[in-house]
Amino acid sequence: MIKGLYEAHLPVSDLQQSIIFYEKLGLELAYVQQQFAFFWIVKGQSWIGLWECKEEKLDYHPSIRHLAFKIDEEDVRRVKQWLQSIGIEIRTAFGFTPSQQPLVLPNHPHAHAAIYFADPDGNSIELITPLRLDVAEEFPMMSLATWYNRDK
């Protein structure tokens with residue numbers, strides 16, 4: 001029955017500022033009202049709702065203030081340069097500095113490449129792609145550069 005995730009929601013303090021930020025990421029504004037806006041992630045398949053509210057400053061926890069957008073593996077090598085070109089700062093994640101990202105997450109037996117940044121309200125945004133879903137050996141978290149060079 002379940003085919004995918006259709007929507008997710010985040011609190012924001014300034015809807016107009018957030019609309020500009022998510023448009024910079026290439027998301028299409030689908031619907032806007034006075035205190036909320038929806039953006040298509042994949043038109044007709046998934047969207048994100050942004051809700052302007054006074055209590056947007058909830059303490060960060062990945063279960064309530066984190067979104068991960070899927071990207072293609074061929075884009076992961078240039079994602080850092082793309083984010084920098086649109087003025088988005090990469091944040092340290094799991095002890096990996098911006099210069100060490102993208103990083104590879106060891107979700108045994110899966111390996112995913114990811115990079116992390118925040119929206120204007122500090123909501124955690126991740127761009128992620130699966131690298132392999134069948135890694136036989138466990139491995140530590142590492143930079144994507146290390147992942148690609150490990151067999152050389």
# chains A, B, ... in the order shown; residues from 1 in each chain; ligands from 1
>>> residues_around(residues="A:Glu89", least_positions_apart="6", cutoff="10 Å", atoms="only C-alpha atoms", output="short mmCIF file (atom, residue, chain, number, x, y, z; two decimals) with C-alpha atoms, in the first residue's frame")
data_model
loop_
_atom_site.label_atom_id
_atom_site.label_comp_id
_atom_site.auth_asym_id
_atom_site.auth_seq_id
_atom_site.Cartn_x
_atom_site.Cartn_y
_atom_site.Cartn_z
CA LYS A 80 29.33 20.80 -2.26
CA LEU A 83 25.61 24.51 -2.42
CA PRO A 98 32.31 21.04 5.80
CA TYR A 116 24.37 18.57 5.71
CA PHE A 117 23.29 22.21 6.02
CA ALA A 118 20.58 24.22 7.73
CA ASP A 119 17.71 26.38 6.53
#
>>> residues_around(residues="stretch 29-37 of chain A", least_positions_apart="3", cutoff="7 Å", atoms="only C-alpha atoms", output="short mmCIF file (atom, residue, chain, number, x, y, z; two decimals) with all heavy atoms, in the first residue's frame")
data_model
loop_
_atom_site.label_atom_id
_atom_site.label_comp_id
_atom_site.auth_asym_id
_atom_site.auth_seq_id
_atom_site.Cartn_x
_atom_site.Cartn_y
_atom_site.Cartn_z
N LEU A 15 8.28 33.24 6.79
CA LEU A 15 7.87 32.47 5.62
C LEU A 15 8.50 32.98 4.34
O LEU A 15 8.98 32.20 3.51
CB LEU A 15 6.35 32.44 5.51
CG LEU A 15 5.77 31.53 4.42
CD1 LEU A 15 6.18 30.08 4.65
CD2 LEU A 15 4.26 31.67 4.37
N TRP A 40 6.92 21.62 -4.10
CA TRP A 40 7.07 20.29 -4.68
C TRP A 40 8.52 19.85 -4.54
O TRP A 40 9.44 20.60 -4.86
CB TRP A 40 6.71 20.29 -6.16
CG TRP A 40 5.25 20.38 -6.43
CD1 TRP A 40 4.61 21.40 -7.09
CD2 TRP A 40 4.24 19.45 -6.07
NE1 TRP A 40 3.27 21.15 -7.14
CE2 TRP A 40 3.01 19.94 -6.52
CE3 TRP A 40 4.25 18.23 -5.40
CZ2 TRP A 40 1.80 19.27 -6.33
CZ3 TRP A 40 3.06 17.55 -5.20
CH2 TRP A 40 1.86 18.07 -5.67
N GLY A 49 5.87 21.14 3.51
CA GLY A 49 5.09 22.26 4.01
C GLY A 49 5.92 23.06 5.00
O GLY A 49 6.55 22.50 5.90
N LEU A 50 5.95 24.36 4.83
CA LEU A 50 6.63 25.28 5.75
C LEU A 50 5.56 26.08 6.48
O LEU A 50 4.69 26.68 5.84
CB LEU A 50 7.55 26.21 4.98
CG LEU A 50 8.60 25.56 4.09
CD1 LEU A 50 9.39 26.62 3.34
CD2 LEU A 50 9.52 24.65 4.89
N TRP A 51 5.62 26.11 7.80
CA TRP A 51 4.60 26.73 8.61
C TRP A 51 5.21 27.83 9.46
O TRP A 51 6.03 27.56 10.35
CB TRP A 51 3.93 25.69 9.51
CG TRP A 51 3.21 24.67 8.70
CD1 TRP A 51 3.75 23.56 8.10
CD2 TRP A 51 1.84 24.67 8.36
NE1 TRP A 51 2.79 22.87 7.42
CE2 TRP A 51 1.60 23.53 7.57
CE3 TRP A 51 0.77 25.51 8.66
CZ2 TRP A 51 0.35 23.23 7.06
CZ3 TRP A 51 -0.48 25.20 8.17
CH2 TRP A 51 -0.69 24.07 7.38
N GLU A 52 4.83 29.07 9.18
CA GLU A 52 5.33 30.20 9.98
C GLU A 52 4.65 30.17 11.35
O GLU A 52 3.43 30.09 11.44
CB GLU A 52 5.02 31.51 9.26
CG GLU A 52 5.67 32.71 9.93
CD GLU A 52 5.49 33.97 9.11
OE1 GLU A 52 4.38 34.55 9.16
OE2 GLU A 52 6.45 34.35 8.42
#
>>> select_by_dssp(residues="stretch 11-59 of chain A", states="strand (DSSP E)", output="JSON, numbers by chain")
{"A": [11, 12, 28, 29, 30, 31, 32, 36, 37, 38, 39, 40, 41, 42, 46, 47, 48, 49, 50, 51, 52]}
>>> atom_distance(atom1="atom CA of A:Glu138", atom2="atom CA of A:Val76")
21.9 Å
>>> residues_around(residues="stretch 99-102 of chain A", least_positions_apart="3", cutoff="6 Å", atoms="only C-alpha atoms", output="number ranges by chain")
A: 96, 114-115, 143-144
>>> write_last_selection(atoms="N, CA, C and O atoms", output="PDB file, in the first residue's frame")
ATOM      1  N   PHE A  96      32.273  15.571  11.190  1.00  0.00           N
ATOM      2  CA  PHE A  96      32.888  15.822   9.888  1.00  0.00           C
ATOM      3  C   PHE A  96      32.654  17.278   9.514  1.00  0.00           C
ATOM      4  O   PHE A  96      31.512  17.721   9.412  1.00  0.00           O
ATOM      5  N   ALA A 114      26.193  11.605   2.042  1.00  0.00           N
ATOM      6  CA  ALA A 114      25.320  12.685   2.491  1.00  0.00           C
ATOM      7  C   ALA A 114      26.119  13.949   2.770  1.00  0.00           C
ATOM      8  O   ALA A 114      27.324  13.891   3.043  1.00  0.00           O
ATOM      9  N   ILE A 115      25.417  15.069   2.695  1.00  0.00           N
ATOM     10  CA  ILE A 115      25.980  16.371   3.045  1.00  0.00           C
ATOM     11  C   ILE A 115      24.895  17.128   3.804  1.00  0.00           C
ATOM     12  O   ILE A 115      23.699  16.940   3.530  1.00  0.00           O
ATOM     13  N   SER A 143      34.861  10.198   4.755  1.00  0.00           N
ATOM     14  CA  SER A 143      34.548  11.169   3.707  1.00  0.00           C
ATOM     15  C   SER A 143      34.260  10.420   2.412  1.00  0.00           C
ATOM     16  O   SER A 143      34.718   9.287   2.218  1.00  0.00           O
ATOM     17  N   LEU A 144      33.544  11.054   1.521  1.00  0.00           N
ATOM     18  CA  LEU A 144      33.268  10.446   0.223  1.00  0.00           C
ATOM     19  C   LEU A 144      34.565  10.245  -0.554  1.00  0.00           C
ATOM     20  O   LEU A 144      34.731   9.225  -1.232  1.00  0.00           O
TER      21      LEU A 144
END
>>> atom_distance(atom1="atom CA of A:Leu105", atom2="atom CA of A:Val12")
28.1 Å
>>> closest_residue(among="A:Met142, A:Ala68, A:Ile125, A:Ala136", to="A:Leu103", atoms="only C-alpha atoms")
A:Met142
>>> select_by_dssp(residues="chain A", states="alpha helix (DSSP H)", output="list of chain:residue names")
A:Leu15, A:Gln16, A:Gln17, A:Ser18, A:Ile19, A:Ile20, A:Phe21, A:Tyr22, A:Glu23, A:Lys24, A:Glu73, A:Glu74, A:Asp75, A:Val76, A:Val79, A:Lys80, A:Gln81, A:Trp82, A:Leu83, A:Gln84, A:Ser85, A:Leu144, A:Ala145, A:Thr146, A:Trp147, A:Tyr148, A:Asn149
>>> atom_distance(atom1="atom CA of A:Phe39", atom2="atom CA of A:Thr129")
20.7 Å
>>> closest_residue(among="A:Ser13, A:Ser18, A:Thr146, A:Asn123", to="A:His66", atoms="only C-alpha atoms")
A:Asn123
